[in-house]
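The structure under discussion appears below in the form of structure tokens.
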Amino acid sequence: MNRPHHNISWLILAMGCYFNIACAPIYRTHYSFTPPPTAEGKICASQCNSDQLHCKQMEELIYETCQLRAERAYHYNRICNDDKKKHKEREDCHTPFHYYQPICITNYSRCQTQYRSCYKACGGTITAQKVCILGC
């Protein structure tokens with residue numbers, strides 16, 4: 001019988017179609033910065049740099065705080081689950097915190113967006129160029 005081979009051929013064809021669709025080109029935007037022409041504009045742009053650094057530090061602080069909360073939730077869940085196995089009557093294990101497990105990420109793109117807005121407001125020029133980085 002040719003049937004199993006026929007099914008495998010269709011499976012390979014289907015997978016090929018799926019991966020061909022899923023492999024659309026991926027682009028990244030690169031930015032070129034031209035400083036403001038005036039001394040005041042350059043001072044303003046340096047403040048943008050300071051603001052961007054502060055933004056990134058805040059993102060790191062938010063991330064670290066989230067990581068601590070995640071670690072605390074993990075330990076609480078582990079202890080609570082162990083206690084539930086031993087003592088079914090434990091009511092405090094039913095708090096919403098028991099089910100909370102944060103996902104911690106940083107949002108540096110927010111800092112970049114704010115920086116570009118600030119830089120433009122100071123008189124600087126930004127040129128954006130999309131570059132294909134995968135599946136070109």
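Chains: A, B, ... in order of the structure tokens. Residues: from 1 per chain. Ligands: from 1, in order shown.
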
Within 10 Å of Arg110 of chain A, counting only C-alpha atoms, which residues qualify if same-chain residues fewer than 6 places away don't, as a VMD selection string? chain A and resid 52 55 to 56 59

Within 7 Å of segment 123-128 of chain A, which residues of segment 14-70 of chain A come that close, and what is the closest atom pair and distance in Å for each? Count only C-alpha atoms and give it as a Markdown table.
```
| residue | atom | partner | partner_atom | distance |
| --- | --- | --- | --- | --- |
| A:Thr29 | CA | A:Ala128 | CA | 6.3 |
| A:His30 | CA | A:Ala128 | CA | 5.8 |
| A:Tyr31 | CA | A:Ala128 | CA | 4.6 |
| A:Ser32 | CA | A:Thr127 | CA | 5.1 |
| A:Phe33 | CA | A:Ile126 | CA | 4.7 |
| A:Thr34 | CA | A:Thr125 | CA | 5.0 |
| A:Pro35 | CA | A:Gly124 | CA | 4.8 |
| A:Pro36 | CA | A:Gly124 | CA | 4.0 |
| A:Gly41 | CA | A:Gly123 | CA | 5.8 |
```

Using Å and a single decimal, report how far atom CA of Arg78 of chain A sits from atom CA of Ile103 of chain A. 17.7 Å

I need the residue nearest Gln57 of chain A from this list: A:Cys122, A:Cys104, A:Cys111, A:Cys132. Use only C-alpha atoms for the distance.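 Using only C-alpha atoms, the shortest distance to Gln57 of chain A belongs to A:Cys111.
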